[in-house]
Amino acid sequence: MDNKDFLTVPYTRELQEQYARKFDCGNDLISGILKSEDSLRDMVGKTYVMLDEERGRIIGYYNISTGDLADGSYVRLGGSIYIKYFAVDCDYQDTKWDDDYIADVLLVDCMNRIMEIREQSVGFAFVTLSSTKEGLHLYERNDFLLLEDDMILAQGEKENECIPMYLPIDYE
């Protein structure tokens, strides 16, 4: 990919109107989020998109929210931040940016934003997510772990077939 100046920005109604209909990550539910009002509602989470302005496309997006991680007796182990949605458009899924896949570059951007939130605004001990089978390898190669048996991650109905994962942040 020639263009090294991709732009990752908060998602807005204007971006939705201009770009959302072209986005397809191969999963109708996850692709559809960008077309829905939920992608713009702060109470659902905050959505960020990586743009390829030259081609007029959304390369990928993520939505981050909050959540709690608890053990079997519902004792809070520490707050968590939740990567609610994460997707890369099919046209970019096998594309590398320098030596890294676009998905890894987008995940690094997401983690940098999460760490900035942690340093400046809200404390938490874990990053959690619910991975599709297709996304599992991305998260495993970026040090996410399968949720342990004694941990519970509240998942929505749409996430029933997903794999709950977490990344501890300086947790002892």
# chains A, B, ... in the order shown; residues from 1 in each chain; ligands from 1
>>> select_by_dssp(residues="region 32-98 of chain A", states="strand (DSSP E)", output="JSON, numbers by chain")
{"A": [46, 47, 48, 49, 50, 51, 52, 57, 58, 59, 60, 61, 62, 63, 64, 65, 66, 67, 68, 69, 70, 71, 76, 77, 78, 79, 80, 81, 82, 83, 84, 85, 86, 87, 88, 96, 97]}
>>> closest_atom_pairs(of="region 40-113 of chain A", to="region 129-141 of chain A", cutoff="9 Å", atoms="only C-alpha atoms", output="tab-separated table")
residue	atom	partner	partner_atom	distance
A:Ile81	CA	A:Leu129	CA	8.6
A:Tyr82	CA	A:Leu129	CA	5.6
A:Ile83	CA	A:Leu129	CA	5.0
A:Lys84	CA	A:Leu129	CA	6.2
A:Tyr85	CA	A:Leu129	CA	8.1
A:Phe86	CA	A:Ser131	CA	8.9
A:Ala87	CA	A:Gly135	CA	8.7
A:Ala103	CA	A:Leu138	CA	7.5
A:Asp104	CA	A:Leu138	CA	7.1
A:Leu107	CA	A:Tyr139	CA	8.7
>>> write_last_selection(atoms="N, CA, C and O atoms", output="compact mmCIF listing (two decimals), in the first residue's frame")
# COMPACT_ATOMS: atom_id res chain seq x y z
N ILE A 81 -11.88 -1.82 30.17
CA ILE A 81 -12.36 -1.09 29.00
C ILE A 81 -12.59 -2.16 27.95
O ILE A 81 -11.91 -3.18 27.92
N TYR A 82 -13.59 -1.95 27.14
CA TYR A 82 -14.08 -2.99 26.25
C TYR A 82 -13.97 -2.56 24.80
O TYR A 82 -14.48 -1.50 24.43
N ILE A 83 -13.28 -3.34 23.99
CA ILE A 83 -13.29 -3.12 22.55
C ILE A 83 -14.55 -3.80 22.05
O ILE A 83 -14.61 -5.02 21.90
N LYS A 84 -15.57 -3.00 21.84
CA LYS A 84 -16.89 -3.52 21.51
C LYS A 84 -16.97 -4.03 20.08
O LYS A 84 -17.56 -5.07 19.82
N TYR A 85 -16.40 -3.27 19.16
CA TYR A 85 -16.35 -3.68 17.75
C TYR A 85 -14.98 -3.34 17.20
O TYR A 85 -14.39 -2.32 17.56
N PHE A 86 -14.50 -4.20 16.31
CA PHE A 86 -13.23 -3.97 15.64
C PHE A 86 -13.32 -4.67 14.29
O PHE A 86 -13.64 -5.86 14.23
N ALA A 87 -13.05 -3.95 13.22
CA ALA A 87 -13.18 -4.57 11.89
C ALA A 87 -12.32 -3.85 10.87
O ALA A 87 -12.10 -2.64 10.97
N ALA A 103 -4.73 -4.57 10.06
CA ALA A 103 -5.45 -4.89 11.30
C ALA A 103 -4.57 -4.66 12.51
O ALA A 103 -5.04 -4.14 13.54
N ASP A 104 -3.29 -5.01 12.43
CA ASP A 104 -2.38 -4.80 13.55
C ASP A 104 -2.13 -3.31 13.76
O ASP A 104 -2.07 -2.85 14.91
N LEU A 107 -5.18 -1.97 15.44
CA LEU A 107 -5.23 -2.40 16.84
C LEU A 107 -4.23 -1.62 17.69
O LEU A 107 -4.54 -1.24 18.83
>>> atom_distance(atom1="CA of Leu29 (chain A)", atom2="CA of Asp100 (chain A)")
26.2 Å
>>> closest_residue(among="A:Glu161, A:Asp89, A:Glu119, A:Asp94", to="Gly32 (chain A)", atoms="only C-alpha atoms")
A:Asp89
>>> residues_around(residues="Gly123 (chain A)", least_positions_apart="3", cutoff="10 Å", atoms="only C-alpha atoms", output="ChimeraX atom specification")
/A:78-81,115,117-120,126
>>> residues_around(residues="Tyr166 (chain A)", least_positions_apart="4", cutoff="8 Å", atoms="only C-alpha atoms", output="list in words")
Phe126, Val127, Thr128, Leu129, Phe144, Leu145, Leu146 and Leu147 of chain A
>>> select_by_dssp(residues="chain A", states="alpha helix (DSSP H)", output="ChimeraX atom specification")
/A:13-19,28-33,102-120,136-140
>>> residues_around(residues="region 18-25 of chain A", least_positions_apart="4", cutoff="8 Å", atoms="only C-alpha atoms", output="PyMOL selection string")
chain A and resi 14+30-31+34-35+56-59+87-90
>>> residues_around(residues="Leu7 (chain A)", least_positions_apart="5", cutoff="12 Å", atoms="only C-alpha atoms", output="mmCIF file with C-alpha atoms, in the first residue's frame")
data_model
loop_
_atom_site.group_PDB
_atom_site.id
_atom_site.type_symbol
_atom_site.label_atom_id
_atom_site.label_comp_id
_atom_site.auth_asym_id
_atom_site.auth_seq_id
_atom_site.Cartn_x
_atom_site.Cartn_y
_atom_site.Cartn_z
ATOM 1 C CA TYR A 48 -13.070 5.682 15.539
ATOM 2 C CA VAL A 49 -12.394 5.061 11.856
ATOM 3 C CA MET A 50 -9.217 4.725 9.829
ATOM 4 C CA LEU A 51 -9.739 6.461 6.505
ATOM 5 C CA ASP A 52 -8.159 6.047 3.107
ATOM 6 C CA GLU A 53 -9.170 9.468 1.859
ATOM 7 C CA GLU A 54 -7.461 8.913 -1.488
ATOM 8 C CA GLY A 56 -12.769 7.468 -0.329
ATOM 9 C CA ARG A 57 -13.006 4.416 1.928
ATOM 10 C CA ILE A 58 -13.068 3.394 5.556
ATOM 11 C CA ILE A 59 -10.166 0.985 6.009
ATOM 12 C CA GLY A 60 -11.312 -0.165 9.422
ATOM 13 C CA TYR A 61 -12.902 0.918 12.655
ATOM 14 C CA VAL A 105 -1.796 -1.118 12.782
ATOM 15 C CA LEU A 106 -5.427 -0.343 13.628
ATOM 16 C CA ASP A 109 -3.972 2.758 17.288
#
>>> closest_residue(among="A:Ile64, A:Leu15, A:Leu167, A:Ala125", to="Arg113 (chain A)", atoms="only C-alpha atoms")
A:Ile64
>>> residues_around(residues="Met43 (chain A)", least_positions_apart="4", cutoff="12 Å", atoms="only C-alpha atoms", output="VMD selection string")
chain A and resid 37 to 39 47 63 to 66
>>> write_last_selection(atoms="C-alpha atoms", output="PDB file, in the first residue's frame")
ATOM      1  CA  GLU A  37     -27.146   5.080  14.934  1.00  0.00           C
ATOM      2  CA  ASP A  38     -25.334   3.050  17.610  1.00  0.00           C
ATOM      3  CA  SER A  39     -22.003   3.874  15.966  1.00  0.00           C
ATOM      4  CA  THR A  47     -16.283   4.837  17.381  1.00  0.00           C
ATOM      5  CA  ASN A  63     -15.593   1.091  19.066  1.00  0.00           C
ATOM      6  CA  ILE A  64     -14.490   1.288  22.678  1.00  0.00           C
ATOM      7  CA  SER A  65     -16.742   1.230  25.701  1.00  0.00           C
ATOM      8  CA  THR A  66     -16.542   0.298  29.370  1.00  0.00           C
TER       9      THR A  66
END
>>> atom_distance(atom1="CA of Gln93 (chain A)", atom2="CA of Gly45 (chain A)")
23.8 Å
>>> atom_distance(atom1="CA of Tyr92 (chain A)", atom2="CA of Ile169 (chain A)")
29.2 Å
>>> decode(residues="region 117-131 of chain A", atoms="N, CA, C and O atoms", output="short mmCIF file (atom, residue, chain, number, x, y, z; two decimals), in the first residue's frame")
data_model
loop_
_atom_site.label_atom_id
_atom_site.label_comp_id
_atom_site.auth_asym_id
_atom_site.auth_seq_id
_atom_site.Cartn_x
_atom_site.Cartn_y
_atom_site.Cartn_z
N ILE A 117 -6.53 7.11 27.42
CA ILE A 117 -7.71 7.25 28.28
C ILE A 117 -7.32 6.84 29.71
O ILE A 117 -7.66 7.53 30.67
N ARG A 118 -6.59 5.76 29.83
CA ARG A 118 -6.19 5.27 31.15
C ARG A 118 -5.28 6.26 31.86
O ARG A 118 -5.43 6.52 33.06
N GLU A 119 -4.36 6.84 31.15
CA GLU A 119 -3.42 7.78 31.76
C GLU A 119 -4.07 9.11 32.13
O GLU A 119 -3.69 9.75 33.09
N GLN A 120 -5.08 9.52 31.36
CA GLN A 120 -5.63 10.85 31.54
C GLN A 120 -7.00 10.91 32.20
O GLN A 120 -7.35 11.92 32.78
N SER A 121 -7.78 9.83 32.11
CA SER A 121 -9.18 9.98 32.50
C SER A 121 -9.73 8.92 33.44
O SER A 121 -10.33 9.26 34.45
N VAL A 122 -9.59 7.65 33.11
CA VAL A 122 -10.28 6.59 33.84
C VAL A 122 -9.32 5.44 34.09
O VAL A 122 -8.64 4.98 33.17
N GLY A 123 -9.28 4.95 35.32
CA GLY A 123 -8.43 3.82 35.63
C GLY A 123 -9.11 2.49 35.34
O GLY A 123 -10.32 2.35 35.51
N PHE A 124 -8.35 1.52 34.88
CA PHE A 124 -8.85 0.17 34.66
C PHE A 124 -7.66 -0.77 34.59
O PHE A 124 -6.53 -0.34 34.36
N ALA A 125 -7.92 -2.05 34.80
CA ALA A 125 -6.85 -3.04 34.86
C ALA A 125 -6.81 -3.97 33.66
O ALA A 125 -5.82 -4.67 33.45
N PHE A 126 -7.89 -4.00 32.85
CA PHE A 126 -7.98 -4.94 31.76
C PHE A 126 -8.57 -4.29 30.51
O PHE A 126 -9.39 -3.38 30.61
N VAL A 127 -8.18 -4.82 29.37
CA VAL A 127 -8.86 -4.54 28.11
C VAL A 127 -9.57 -5.83 27.76
O VAL A 127 -8.95 -6.91 27.76
N THR A 128 -10.85 -5.77 27.49
CA THR A 128 -11.61 -6.96 27.17
C THR A 128 -12.23 -6.83 25.79
O THR A 128 -12.40 -5.72 25.26
N LEU A 129 -12.58 -7.97 25.19
CA LEU A 129 -13.25 -7.99 23.89
C LEU A 129 -13.88 -9.34 23.69
O LEU A 129 -13.58 -10.30 24.40
N SER A 130 -14.75 -9.42 22.71
CA SER A 130 -15.35 -10.68 22.30
C SER A 130 -14.98 -10.88 20.84
O SER A 130 -15.45 -10.16 19.97
N SER A 131 -14.11 -11.85 20.57
CA SER A 131 -13.57 -12.05 19.23
C SER A 131 -14.43 -13.01 18.42
O SER A 131 -14.94 -14.01 18.94
#
